[in-house]
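**Student:** Structure file target32.cif (mmCIF, C-alpha atoms) is given on the next line.
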data_start
#
loop_
_atom_site.label_atom_id
_atom_site.label_comp_id
_atom_site.auth_asym_id
_atom_site.auth_seq_id
_atom_site.Cartn_x
_atom_site.Cartn_y
_atom_site.Cartn_z
CA MET A 7 -26.01 -5.03 20.27
CA PRO A 8 -25.27 -5.22 23.99
CA HIS A 9 -25.67 -1.86 25.70
CA GLY A 10 -22.37 -2.28 27.54
CA ASP A 11 -20.40 -2.50 24.29
CA ARG A 12 -21.36 0.95 23.05
CA GLY A 13 -18.44 2.57 24.83
CA ARG A 14 -15.84 0.32 23.19
CA ARG A 15 -13.89 1.89 20.33
CA VAL A 16 -13.95 -0.02 17.06
CA HIS A 17 -10.65 0.04 15.17
CA LEU A 18 -11.21 -0.23 11.40
CA ASP A 19 -8.00 1.46 10.22
CA THR A 20 -5.53 -1.42 10.15
CA ALA A 21 -4.32 -0.26 6.72
CA GLY A 22 -3.16 2.94 8.43
CA LEU A 23 -1.89 1.48 11.70
CA GLY A 24 -2.72 -1.94 13.08
CA ARG A 25 -3.50 -2.52 16.74
CA MET A 26 -0.28 -3.83 18.24
CA PRO A 27 -0.68 -7.10 20.18
CA ALA A 28 -0.14 -6.78 23.93
CA ALA A 29 3.01 -8.90 23.79
CA ALA A 30 4.54 -6.68 21.11
CA ARG A 31 3.65 -3.50 22.94
CA ALA A 32 5.19 -4.84 26.13
CA GLN A 33 8.44 -5.67 24.31
CA LEU A 34 8.54 -2.23 22.68
CA THR A 35 8.06 -0.55 26.08
CA GLU A 36 10.58 -2.74 27.89
CA TRP A 37 13.39 -2.34 25.36
CA THR A 38 12.78 1.37 24.85
CA ARG A 39 13.17 1.83 28.61
CA HIS A 40 16.24 -0.43 28.59
CA GLU A 41 17.85 1.68 25.87
CA ASP A 42 17.02 4.86 27.76
CA ARG A 43 18.68 3.56 30.93
CA HIS A 44 21.63 1.62 29.53
CA GLY A 45 22.24 3.02 26.05
CA PRO A 46 21.74 1.40 22.62
CA TYR A 47 24.58 -1.11 22.65
CA GLU A 48 22.91 -3.76 24.79
CA VAL A 49 19.75 -3.48 22.70
CA ASP A 50 21.78 -3.82 19.49
CA GLU A 51 23.53 -6.91 20.85
CA HIS A 52 20.20 -8.45 21.86
CA VAL A 53 18.76 -7.74 18.41
CA HIS A 54 21.82 -9.13 16.61
CA HIS A 55 22.28 -12.31 18.63
CA VAL A 56 18.75 -13.19 19.72
CA VAL A 57 16.06 -11.33 17.79
CA ARG A 58 17.33 -11.29 14.21
CA PRO A 59 17.66 -15.09 13.86
CA GLU A 60 14.09 -15.47 15.10
CA LEU A 61 12.80 -12.60 12.96
CA ASP A 62 14.58 -13.87 9.84
CA ALA A 63 12.96 -17.27 10.30
CA ARG A 64 9.51 -15.72 10.84
CA LEU A 65 9.82 -13.44 7.81
CA ALA A 66 10.98 -16.38 5.70
CA ALA A 67 7.93 -18.41 6.76
CA LEU A 68 5.63 -15.43 6.19
CA LEU A 69 6.98 -14.54 2.73
CA GLY A 70 7.94 -17.96 1.41
CA THR A 71 11.61 -17.00 1.08
CA PRO A 72 14.91 -18.52 2.24
CA ALA A 73 15.89 -17.42 5.74
CA GLY A 74 18.35 -14.54 5.69
CA ASP A 75 17.28 -13.13 2.31
CA THR A 76 15.39 -10.22 3.89
CA VAL A 77 16.79 -6.90 5.07
CA LEU A 78 15.15 -4.53 7.52
CA ALA A 79 14.31 -0.91 6.77
CA THR A 80 12.32 1.91 8.30
CA GLY A 81 9.53 1.13 5.83
CA ALA A 82 8.74 -0.38 2.45
CA ALA A 83 9.02 2.95 0.65
CA ASP A 84 12.42 3.63 2.23
CA ALA A 85 13.68 0.20 1.16
CA PHE A 86 12.45 0.76 -2.39
CA ALA A 87 14.09 4.21 -2.49
CA ALA A 88 17.39 2.81 -1.23
CA LEU A 89 17.60 -0.13 -3.64
CA VAL A 90 15.88 0.65 -6.94
CA PRO A 91 17.85 3.82 -7.89
CA ARG A 92 21.05 1.73 -7.86
CA LEU A 93 19.91 -0.40 -10.81
CA ALA A 94 22.09 0.08 -13.88
CA LEU A 95 19.43 1.01 -16.43
CA GLY A 96 20.12 2.82 -19.70
CA PRO A 97 18.44 4.61 -22.61
CA GLY A 98 17.27 1.41 -24.26
CA ASP A 99 15.45 0.13 -21.18
CA ARG A 100 11.78 0.36 -20.28
CA ILE A 101 10.15 0.45 -16.83
CA TRP A 102 6.60 -0.72 -16.33
CA THR A 103 4.34 0.28 -13.47
CA THR A 104 0.57 0.54 -12.99
CA PRO A 105 -2.03 3.24 -12.33
CA TYR A 106 -2.22 1.89 -8.75
CA GLU A 107 1.44 2.63 -7.95
CA GLY A 108 1.96 4.65 -4.76
CA VAL A 109 3.38 8.14 -4.97
CA ALA A 110 6.60 7.32 -3.08
CA ASN A 111 7.60 4.50 -5.42
CA LEU A 112 6.40 6.48 -8.43
CA THR A 113 8.69 9.36 -7.44
CA VAL A 114 11.64 6.94 -7.30
CA LEU A 115 10.78 5.46 -10.70
CA THR A 116 10.44 8.89 -12.27
CA ALA A 117 13.85 9.94 -10.94
CA LEU A 118 15.37 6.69 -12.21
CA ARG A 119 13.84 7.31 -15.63
CA ASP A 120 15.30 10.81 -15.75
CA ARG A 121 18.75 9.67 -14.65
CA ALA A 122 18.93 6.62 -16.93
CA ARG A 123 17.06 8.31 -19.82
CA CYS A 124 14.87 5.24 -20.16
CA ARG A 125 11.11 5.05 -20.62
CA LEU A 126 8.48 4.79 -17.91
CA GLU A 127 5.29 3.16 -19.15
CA ILE A 128 1.97 2.54 -17.40
CA VAL A 129 0.27 -0.80 -17.92
CA PRO A 130 -3.32 -0.09 -19.00
CA LEU A 131 -6.44 -1.18 -17.15
CA ARG A 132 -9.33 -3.24 -18.39
CA PRO A 133 -12.76 -1.58 -18.30
CA ASP A 134 -13.48 -3.31 -14.97
CA GLY A 135 -10.34 -1.84 -13.37
CA ASP A 136 -8.14 -4.93 -13.44
CA LEU A 137 -4.71 -4.73 -15.02
CA ASP A 138 -4.70 -5.75 -18.67
CA LEU A 139 -2.64 -8.94 -18.49
CA GLU A 140 -3.20 -9.61 -22.18
CA TRP A 141 -1.55 -6.27 -22.97
CA MET A 142 1.38 -7.22 -20.75
CA ALA A 143 1.80 -10.59 -22.44
CA ALA A 144 1.64 -8.98 -25.89
CA HIS A 145 4.13 -6.17 -25.15
CA ILE A 146 6.70 -7.78 -22.89
CA ASP A 147 10.18 -8.17 -24.36
CA ASP A 148 13.75 -7.94 -23.15
CA ASP A 149 13.71 -4.14 -23.34
CA VAL A 150 11.56 -4.18 -20.19
CA ALA A 151 14.13 -4.00 -17.41
CA LEU A 152 11.94 -3.39 -14.35
CA VAL A 153 8.28 -3.97 -13.49
CA SER A 154 6.91 -2.43 -10.27
CA VAL A 155 3.47 -3.44 -8.97
CA ALA A 156 1.46 -2.80 -5.80
CA HIS A 157 -0.10 -6.03 -4.55
CA VAL A 158 -2.84 -3.94 -2.90
CA PRO A 159 -2.79 -0.16 -3.44
CA ALA A 160 -3.20 2.43 -0.72
CA GLY A 161 -6.39 3.93 -2.08
CA CYS A 162 -8.72 0.97 -2.63
CA GLY A 163 -9.12 -2.74 -1.99
CA ILE A 164 -8.30 -4.21 -5.40
CA VAL A 165 -6.00 -7.25 -5.29
CA THR A 166 -3.49 -7.31 -8.12
CA PRO A 167 -2.87 -10.80 -9.61
CA VAL A 168 0.83 -10.68 -8.78
CA GLU A 169 1.39 -14.39 -9.39
CA ASP A 170 -0.14 -14.19 -12.89
CA ILE A 171 2.09 -11.22 -13.65
CA GLY A 172 5.11 -13.17 -12.42
CA ARG A 173 4.35 -15.98 -14.85
CA ILE A 174 4.17 -13.50 -17.74
CA LEU A 175 7.49 -11.94 -16.79
CA ALA A 176 9.38 -15.14 -15.90
CA PRO A 177 10.81 -15.93 -19.37
CA HIS A 178 12.25 -12.42 -19.71
CA ARG A 179 15.23 -10.65 -18.20
CA CYS A 180 13.31 -7.96 -16.28
CA LEU A 181 13.40 -7.53 -12.52
CA TYR A 182 10.01 -7.72 -10.81
CA ALA A 183 9.27 -5.60 -7.71
CA VAL A 184 6.12 -6.04 -5.61
CA ASP A 185 4.98 -3.64 -2.88
CA ALA A 186 3.17 -5.84 -0.37
CA SER A 187 2.69 -3.13 2.28
CA TYR A 188 -1.12 -3.36 2.27
CA ALA A 189 -1.25 -7.09 1.51
CA VAL A 190 1.10 -8.88 3.88
CA GLY A 191 -0.72 -9.84 7.05
CA GLN A 192 -4.16 -9.91 5.46
CA LEU A 193 -3.48 -11.97 2.31
CA PRO A 194 -1.14 -14.88 1.54
CA VAL A 195 2.15 -13.45 0.22
CA ASP A 196 4.62 -15.96 -1.19
CA ALA A 197 7.56 -14.39 -3.01
CA GLY A 198 8.52 -17.75 -4.51
CA ARG A 199 5.08 -18.24 -6.07
CA ILE A 200 4.95 -14.60 -7.16
CA GLY A 201 8.34 -14.90 -8.83
CA CYS A 202 9.49 -11.42 -7.81
CA GLN A 203 13.06 -10.33 -7.16
CA LEU A 204 12.14 -7.51 -4.75
CA LEU A 205 9.29 -7.61 -2.26
CA THR A 206 8.81 -4.77 0.22
CA GLY A 207 6.46 -4.45 3.17
CA ASP A 208 5.59 -2.36 6.21
CA GLY A 209 5.48 -3.89 9.67
CA TRP A 210 2.87 -1.57 11.20
CA ARG A 211 -0.20 -2.23 9.07
CA PHE A 212 -1.73 -5.71 8.92
CA LEU A 213 1.32 -7.22 10.64
CA ARG A 214 0.55 -4.96 13.65
CA GLY A 215 4.14 -4.15 14.55
CA PRO A 216 5.39 -0.69 15.56
CA GLU A 217 5.74 2.21 13.18
CA SER A 218 8.98 2.86 11.27
CA VAL A 219 9.97 -0.77 10.79
CA GLY A 220 9.63 -2.66 7.53
CA PHE A 221 11.50 -5.13 5.37
CA ALA A 222 12.56 -6.08 1.86
CA TYR A 223 13.20 -9.47 0.30
CA LEU A 224 16.07 -9.43 -2.20
CA ALA A 225 16.33 -12.39 -4.56
CA PRO A 226 19.79 -13.50 -5.72
CA GLU A 227 19.17 -11.98 -9.16
CA LEU A 228 18.56 -8.57 -7.61
CA ARG A 229 21.61 -8.81 -5.35
CA GLN A 230 23.68 -9.63 -8.43
CA ALA A 231 22.22 -6.65 -10.32
CA LEU A 232 23.03 -4.34 -7.39
CA ALA A 233 26.53 -5.68 -6.78
CA PRO A 234 28.37 -3.33 -9.20
CA CYS A 235 26.96 -0.35 -7.27
CA GLY A 236 28.17 -1.50 -3.87
CA THR A 237 26.50 -3.28 -0.98
CA ALA A 238 24.73 -0.35 0.71
CA LEU A 239 21.46 -1.45 2.32
CA PRO A 240 18.49 0.55 3.63
CA ALA A 241 18.96 2.36 6.92
CA PRO A 242 18.01 -0.06 9.72
CA PRO A 243 15.15 0.69 12.12
CA GLU A 244 15.57 1.28 15.85
CA GLY A 245 16.41 -1.78 17.94
CA ALA A 246 13.31 -1.73 20.14
CA SER A 247 11.10 -1.60 17.03
CA VAL A 248 12.77 -4.72 15.67
CA VAL A 249 12.15 -6.54 18.95
CA ALA A 250 8.48 -5.51 18.87
CA LEU A 251 7.99 -6.59 15.25
CA ASN A 252 9.45 -9.98 16.10
CA ALA A 253 7.01 -10.27 19.00
CA ALA A 254 4.08 -9.26 16.76
CA LEU A 255 4.97 -11.94 14.21
CA ALA A 256 5.16 -14.51 17.01
CA VAL A 257 1.46 -13.99 17.82
CA PRO A 258 -0.58 -16.66 16.01
CA GLN A 259 -2.70 -15.20 13.23
CA ASP A 260 -6.34 -16.16 13.52
CA ALA A 261 -7.58 -17.09 10.07
CA GLY A 262 -10.87 -15.45 10.98
CA PRO A 263 -13.57 -14.08 8.70
CA ALA A 264 -11.83 -10.85 7.68
CA GLY A 265 -13.08 -11.21 4.12
CA GLY A 266 -16.61 -11.78 5.37
CA LEU A 267 -16.46 -8.69 7.58
CA ALA A 268 -15.21 -6.61 4.65
CA ALA A 269 -18.18 -7.86 2.63
CA VAL A 270 -20.52 -6.69 5.40
CA VAL A 271 -18.88 -3.25 5.40
CA ARG A 272 -19.00 -3.12 1.60
CA THR A 273 -22.70 -3.97 1.59
CA ALA A 274 -23.40 -1.30 4.20
CA VAL A 275 -21.72 1.30 1.99
CA GLN A 276 -23.57 0.15 -1.13
CA GLU A 277 -26.90 0.43 0.68
CA THR A 278 -26.14 3.96 1.95
CA PRO A 279 -27.85 6.68 -0.11
CA GLY A 280 -25.32 9.08 -1.63
CA ALA A 281 -22.31 6.80 -1.03
CA GLU A 282 -20.08 5.66 -3.87
CA LEU A 283 -17.96 2.56 -3.38
CA ILE A 284 -14.48 2.76 -4.90
CA ALA A 285 -13.85 -0.89 -5.70
CA PRO A 286 -12.30 -1.42 -9.13
CA GLY A 287 -11.47 -4.92 -10.26
CA ARG A 288 -12.95 -8.35 -9.69
CA VAL A 289 -11.09 -9.34 -6.51
CA GLN A 290 -11.31 -7.27 -3.31
CA CYS A 291 -9.61 -7.61 0.08
CA GLY A 292 -10.20 -6.28 3.59
CA ILE A 293 -9.96 -2.62 2.51
CA VAL A 294 -13.19 -0.82 1.63
CA THR A 295 -12.97 2.73 0.24
CA PHE A 296 -15.86 5.07 -0.46
CA ARG A 297 -16.93 8.68 -0.59
CA HIS A 298 -20.25 10.43 -0.01
CA ALA A 299 -21.89 12.95 -2.30
CA GLU A 300 -22.79 15.39 0.48
CA MET A 301 -20.24 14.85 3.24
CA PRO A 302 -16.47 15.31 2.79
CA ALA A 303 -14.29 12.35 3.70
CA GLY A 304 -12.55 14.21 6.53
CA SER A 305 -15.83 15.27 8.11
CA LEU A 306 -17.26 11.77 7.81
CA ARG A 307 -14.13 10.23 9.34
CA ARG A 308 -14.36 12.62 12.31
CA ALA A 309 -18.07 11.96 12.70
CA LEU A 310 -17.44 8.22 12.85
CA ALA A 311 -14.59 8.72 15.35
CA ALA A 312 -16.93 10.74 17.56
CA ARG A 313 -19.17 7.68 17.61
CA GLY A 314 -16.32 5.37 18.58
CA VAL A 315 -15.48 3.97 15.13
CA VAL A 316 -11.93 4.64 13.92
CA VAL A 317 -11.48 4.60 10.12
CA GLY A 318 -8.88 6.12 7.82
CA LYS A 319 -8.85 8.60 4.98
CA THR A 320 -7.06 8.20 1.66
CA VAL A 321 -6.17 11.10 -0.61
CA ALA A 322 -5.69 11.26 -4.36
CA GLN A 323 -1.99 12.04 -4.03
CA GLN A 324 -1.34 8.54 -2.67
CA THR A 325 -2.03 7.01 -6.09
CA PRO A 326 -1.70 10.00 -8.44
CA LEU A 327 -1.99 8.02 -11.68
CA TYR A 328 -5.35 6.56 -10.68
CA SER A 329 -7.24 8.89 -8.36
CA PRO A 330 -7.02 12.19 -10.31
CA GLY A 331 -8.88 10.63 -13.22
CA ARG A 332 -11.79 10.07 -10.83
CA LYS A 333 -12.00 13.79 -9.91
CA ALA A 334 -11.77 12.81 -6.24
CA THR A 335 -9.50 14.39 -3.69
CA ALA A 336 -10.24 12.22 -0.65
CA ALA A 337 -12.20 9.15 0.40
CA VAL A 338 -12.96 7.22 3.57
CA ARG A 339 -10.96 4.00 3.93
CA VAL A 340 -12.24 1.20 6.15
CA SER A 341 -9.90 -1.74 6.73
CA VAL A 342 -10.72 -4.84 8.73
CA HIS A 343 -8.33 -7.30 10.33
CA HIS A 344 -8.69 -10.86 11.59
CA ASP A 345 -9.01 -9.49 15.11
CA ASN A 346 -12.16 -7.55 14.21
CA SER A 347 -15.54 -9.07 14.99
CA ALA A 348 -19.01 -9.14 13.49
CA TRP A 349 -19.99 -6.65 16.21
CA ASP A 350 -17.38 -4.22 14.85
CA ALA A 351 -18.89 -4.39 11.35
CA ALA A 352 -22.38 -3.92 12.76
CA ARG A 353 -21.26 -0.94 14.84
CA PHE A 354 -19.71 0.65 11.72
CA THR A 355 -23.01 0.26 9.87
CA GLU A 356 -24.91 1.90 12.71
CA ALA A 357 -22.35 4.70 13.16
CA LEU A 358 -22.34 5.46 9.43
CA ARG A 359 -26.12 5.84 9.47
CA GLU A 360 -25.97 8.07 12.55
CA ALA A 361 -23.15 10.23 11.12
CA LEU A 362 -24.97 10.85 7.85
CA ALA A 363 -28.26 11.53 9.63
CA GLY A 364 -26.52 14.36 11.52
CA ARG A 365 -24.49 15.71 8.59
CA GLY A 366 -26.40 18.97 8.52
CA ARG A 367 -24.90 19.99 11.87
CA GLY A 368 -21.56 21.64 11.13
CA CYS A 369 -20.75 19.74 7.95
CA HIS A 370 -20.13 21.26 4.53
CA ALA A 371 -21.27 19.79 1.25
CA VAL A 372 -18.69 18.42 -1.17
CA PRO A 373 -17.93 20.97 -3.93
CA THR A 374 -19.71 20.22 -7.17
CA ALA A 375 -16.39 19.57 -8.97
CA VAL A 376 -15.73 16.52 -6.80
CA ARG A 377 -19.28 15.36 -6.17
CA ALA A 378 -19.59 11.60 -6.54
CA ALA A 379 -20.93 10.20 -9.75
CA PRO A 380 -23.75 7.63 -9.70
CA PRO A 381 -22.47 4.15 -8.81
CA ALA A 382 -21.43 2.00 -11.76
CA PRO A 383 -22.94 -1.45 -12.25
CA ALA A 384 -21.55 -4.01 -9.82
CA ALA A 385 -18.95 -6.45 -11.08
CA ALA A 386 -18.08 -9.88 -9.70
CA GLY A 387 -16.27 -8.30 -6.73
CA GLY A 388 -19.23 -6.03 -5.99
CA GLY A 389 -19.55 -2.29 -6.51
CA ALA A 390 -16.88 -1.91 -9.16
CA VAL A 391 -16.53 1.54 -10.66
CA ALA A 392 -15.19 2.71 -13.97
CA ALA A 393 -11.41 2.74 -14.33
CA PRO A 394 -9.47 5.75 -15.50
CA ALA A 395 -8.48 6.02 -19.11
CA ALA A 396 -6.28 3.06 -19.93
CA GLY A 397 -2.83 3.31 -21.41
CA LEU A 398 -1.20 6.21 -19.58
CA ARG A 399 2.47 6.86 -19.12
CA ALA A 400 4.15 9.13 -16.62
CA VAL A 401 6.18 12.11 -17.75
CA CYS A 402 7.86 14.93 -15.89
CA ALA A 403 6.01 18.23 -16.04
CA GLY A 404 8.68 20.33 -14.38
CA SER A 405 11.72 22.24 -15.46
CA ALA A 406 15.11 20.61 -15.75
CA ALA A 407 15.83 21.63 -12.19
CA GLY A 408 12.48 20.38 -11.00
CA ALA A 409 11.59 23.72 -9.39
CA GLY A 410 8.51 25.78 -10.07
CA ALA A 411 6.76 22.98 -11.92
CA VAL A 412 3.01 23.22 -12.43
CA PRO A 413 1.03 19.96 -12.48
CA ALA A 414 -1.15 19.22 -15.47
CA ALA A 415 -4.80 20.17 -15.14
CA GLY A 416 -6.71 17.77 -12.94
CA VAL A 417 -3.61 16.29 -11.29
CA PRO A 418 -3.43 17.21 -7.59
CA ARG A 419 -0.15 18.48 -6.24
CA PRO A 420 1.61 15.79 -4.15
CA ARG A 421 2.67 16.42 -0.57
CA ARG A 422 6.25 17.40 0.18
CA THR A 423 6.99 18.53 -3.35
CA ALA A 424 10.10 20.58 -2.59
CA GLY A 425 12.84 19.67 -5.04
CA ARG A 426 10.70 17.04 -6.79
CA ARG A 427 9.18 17.06 -10.23
CA HIS A 428 5.47 16.58 -10.62
CA LEU A 429 3.75 13.83 -12.55
CA ALA A 430 1.41 14.46 -15.44
CA LEU A 431 -0.62 12.00 -17.50
CA VAL A 432 -0.23 11.74 -21.26
CA SER A 433 -1.24 9.26 -23.91
CA ALA A 434 0.27 5.79 -23.84
CA PRO A 435 3.09 4.81 -26.17
CA ALA A 436 2.19 3.24 -29.45
CA PRO A 437 2.13 -0.57 -29.58
CA ASP A 438 5.56 -0.55 -31.20
CA GLY A 439 6.93 1.10 -28.05
CA THR A 440 7.50 4.57 -29.52
CA ALA A 441 6.71 7.57 -27.31
#
Would you mind writing the file's structure down as structure tokens?
**Tutor:**
Amino acid sequence: MPHGDRGRRVHLDTAGLGRMPAAARAQLTEWTRHEDRHGPYEVDEHVHHVVRPELDARLAALLGTPAGDTVLATGAADAFAALVPRLALGPGDRIWTTPYEGVANLTVLTALRDRARCRLEIVPLRPDGDLDLEWMAAHIDDDVALVSVAHVPAGCGIVTPVEDIGRILAPHRCLYAVDASYAVGQLPVDAGRIGCQLLTGDGWRFLRGPESVGFAYLAPELRQALAPCGTALPAPPEGASVVALNAALAVPQDAGPAGGLAAVVRTAVQETPGAELIAPGRVQCGIVTFRHAEMPAGSLRRALAARGVVVGKTVAQQTPLYSPGRKATAAVRVSVHHDNSAWDAARFTEALREALAGRGRGCHAVPTAVRAAPPAPAAAGGGAVAAPAAGLRAVCAGSAAGAGAVPAAGVPRPRRTAGRRHLALVSAPAPDGTA
């Protein structure tokens, strides 16, 4: 590679925070200064009269939804937490989610289960890590009131077949919620084709907007279901952030070889001695997650950063129903975007080799309890690993007050647990739906 490029930093953490386009950053700076000098009212007026019509149209085109059917929030998780608890579920209802559900949404679903006294069930995985769609088709009925799915989870690059799930659910009365936070901006996301009634997303990942601004699409069926509980919507983000997100969406997306770059990164990991690729399922996206048998994820991330390659780290608590079964606490997450280049992928490969060659200097070995297992045979997507035990359902392992709870063995304690119950894993319900 050209000698002059060695000083350039390579950003491969778009799943954590995308690189904001120059136009969006300029808008964020300008309107933040404007608010500081003149107060928030002029910014709010500009957002209401000028920005929101443009942003609504851009979100509609991006998500395949009617213009005006999206609401803004400070993030996808905040939108989910503001809307889903208002659903009028009861003891006869069932909620479905998956082992890839994020901890924030899982906490909301668990609280809803406890309040409504309904059942929370986990859709099992196939041996290759994909969701068992045949199980879903065989067990769906009108007792299932809500199905919540992550299009792409936080901890690995599997792509959930959200459109296939939508076709299974369509004949039934359940509401279908899709978390597209790690999908929108890197994959096609069309709420109409998916058939979901709630679709949430973050603006600061692959859409490359500023932090603390996201959105939710609410289908008419969901608005009708929420109507008896009032019309409260998620707390809106700051005005300057909305302006910047609108500017980011106005930048043409280059349909470049992001998938090809991810394949290069994935191959580099597979060819690295001691590395284990975490890639369940047959379809992968631009997120590549792995861990190394002799170098902790945090140390490896810092070693790559010292060599000018910025990657992320994912922890087991982000997807507590999936990761604990793997006996892993943390992994390195590499995420490519359309604005990355072949040089970036090559520089990652070189930096990974350099970082591991120098791991004996100030690095500590991974404890035996979390040492990586030998890689499983590759599946169609490449490097697939064994899925956790299929057929799990979430239950509360705390006291009635939720205080002083002790997680089940092998389940890591989530962050910010004050006042929240912990999640444990138990056997799945019987096929007849009994607990």
**Student:** Tell me which protein, DNA and RNA residues are within 8 Å of His178 (chain A), counting only C-alpha atoms, leaving out same-chain ones fewer than 6 positions away, and put them as a list in words.
**Tutor:**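 The neighbour list is Ile146, Asp147 and Asp148 of chain A.
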**Student:** Counting all atoms listed in the file, figure out which residue out of A:Arg297, A:Arg58, A:Arg288, A:His17 gets nearest to Asn252 (chain A).
**Tutor:**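 With all atoms listed in the file as the atom set, the closest residue is A:Arg58.
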**Student:** Between A:Glu36, A:Asp149, A:Asp19, A:Asp136, which is the closest to Tyr106 (chain A) once you count all atoms listed in the file?
**Tutor:**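 Looking at the shortest contact to Tyr106 (chain A), the residue is A:Asp136.
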**Student:** Since I can't run it myself right now, could you work out what the PyMOL selection byres ((chain A and resi 362) around 12) selects here and report it as a PyMOL selection string?
**Tutor:** chain A and resi 275+278-281+297-303+305-310+313+355-361+363-371
**Student:** If you apply the PyMOL selection byres ((chain A and resi 217) around 9) to this file, what residues do you get, as a PyMOL selection string?
**Tutor:** chain A and resi 23+80-81+208-211+214-216+218-220+247
**Student:** Kindly export the residues of the current selection with C-alpha atoms, as a short mmCIF file (atom, residue, chain, number, x, y, z; two decimals), in the frame of the given file.
**Tutor:**
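To be explicit, this is the file written out as result_19.cif:
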data_model
loop_
_atom_site.label_atom_id
_atom_site.label_comp_id
_atom_site.auth_asym_id
_atom_site.auth_seq_id
_atom_site.Cartn_x
_atom_site.Cartn_y
_atom_site.Cartn_z
CA LEU A 23 -1.89 1.48 11.70
CA THR A 80 12.32 1.91 8.30
CA GLY A 81 9.53 1.13 5.83
CA ASP A 208 5.59 -2.36 6.21
CA GLY A 209 5.48 -3.89 9.67
CA TRP A 210 2.87 -1.57 11.20
CA ARG A 211 -0.20 -2.23 9.07
CA ARG A 214 0.55 -4.96 13.65
CA GLY A 215 4.14 -4.15 14.55
CA PRO A 216 5.39 -0.69 15.56
CA SER A 218 8.98 2.86 11.27
CA VAL A 219 9.97 -0.77 10.79
CA GLY A 220 9.63 -2.66 7.53
CA SER A 247 11.10 -1.60 17.03
#
**Student:** Work out how far CA of Asp75 (chain A) is from CA of Val249 (chain A), in Å to one decimal.
**Tutor:** 18.6 Å
**Student:** Could you state which residues are captured by the PyMOL selection byres ((chain A and resi 223) around 8) in this file, as a ChimeraX atom specification?
**Tutor:** /A:71,75-77,203-206,221-222,224-225
**Student:** Quote the spacing between CA of Leu93 (chain A) and CA of Ile171 (chain A) in Å to one decimal place.
**Tutor:** 21.0 Å
**Student:** Quick one: pull the distance between CA of Gly135 (chain A) and CA of Ala85 (chain A), Å, one decimal.
**Tutor:**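 Answer for the CA of Gly135 (chain A) to CA of Ala85 (chain A) separation: 28.1 Å.
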**Student:** From the list A:Ser154, A:Thr113, A:Thr325, A:Gln192, which residue is nearest Gln259 (chain A) when using all atoms listed in the file?
**Tutor:**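 Closest to Gln259 (chain A) of all the choices is A:Gln192.
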**Student:** Any idea what's packed within 7 Å of Thr104 (chain A), counting all atoms listed in the file, ignoring anything in its chain fewer than 5 positions away? Could you give it as a list of chain:residue names?
**Tutor:** A:Ile128, A:Val129, A:Val155
**Student:** How about completing region 226-237 of chain A with N, CA and C atoms and giving it to me as an mmCIF file, keeping the file's coordinate frame?
**Tutor:**
data_model
loop_
_atom_site.group_PDB
_atom_site.id
_atom_site.type_symbol
_atom_site.label_atom_id
_atom_site.label_comp_id
_atom_site.auth_asym_id
_atom_site.auth_seq_id
_atom_site.Cartn_x
_atom_site.Cartn_y
_atom_site.Cartn_z
ATOM 1 N N PRO A 226 18.402 -13.493 -5.236
ATOM 2 C CA PRO A 226 19.790 -13.500 -5.720
ATOM 3 C C PRO A 226 19.999 -12.710 -7.008
ATOM 4 N N GLU A 227 19.025 -12.737 -7.916
ATOM 5 C CA GLU A 227 19.170 -11.980 -9.160
ATOM 6 C C GLU A 227 19.271 -10.481 -8.908
ATOM 7 N N LEU A 228 18.499 -9.990 -7.929
ATOM 8 C CA LEU A 228 18.560 -8.570 -7.610
ATOM 9 C C LEU A 228 19.877 -8.222 -6.927
ATOM 10 N N ARG A 229 20.327 -9.058 -6.016
ATOM 11 C CA ARG A 229 21.610 -8.810 -5.350
ATOM 12 C C ARG A 229 22.738 -8.761 -6.389
ATOM 13 N N GLN A 230 22.664 -9.632 -7.376
ATOM 14 C CA GLN A 230 23.680 -9.630 -8.430
ATOM 15 C C GLN A 230 23.600 -8.344 -9.246
ATOM 16 N N ALA A 231 22.377 -7.875 -9.539
ATOM 17 C CA ALA A 231 22.220 -6.650 -10.320
ATOM 18 C C ALA A 231 22.719 -5.429 -9.546
ATOM 19 N N LEU A 232 22.607 -5.467 -8.209
ATOM 20 C CA LEU A 232 23.030 -4.340 -7.390
ATOM 21 C C LEU A 232 24.513 -4.377 -7.046
ATOM 22 N N ALA A 233 25.144 -5.523 -7.206
ATOM 23 C CA ALA A 233 26.530 -5.680 -6.780
ATOM 24 C C ALA A 233 27.495 -4.666 -7.367
ATOM 25 N N PRO A 234 27.407 -4.321 -8.658
ATOM 26 C CA PRO A 234 28.370 -3.330 -9.200
ATOM 27 C C PRO A 234 28.272 -1.964 -8.538
ATOM 28 N N CYS A 235 27.144 -1.670 -7.896
ATOM 29 C CA CYS A 235 26.960 -0.350 -7.270
ATOM 30 C C CYS A 235 27.283 -0.368 -5.781
ATOM 31 N N GLY A 236 27.858 -1.441 -5.288
ATOM 32 C CA GLY A 236 28.170 -1.500 -3.870
ATOM 33 C C GLY A 236 27.139 -2.292 -3.102
ATOM 34 N N THR A 237 27.360 -2.432 -1.813
ATOM 35 C CA THR A 237 26.500 -3.280 -0.980
ATOM 36 C C THR A 237 25.689 -2.470 0.028
#
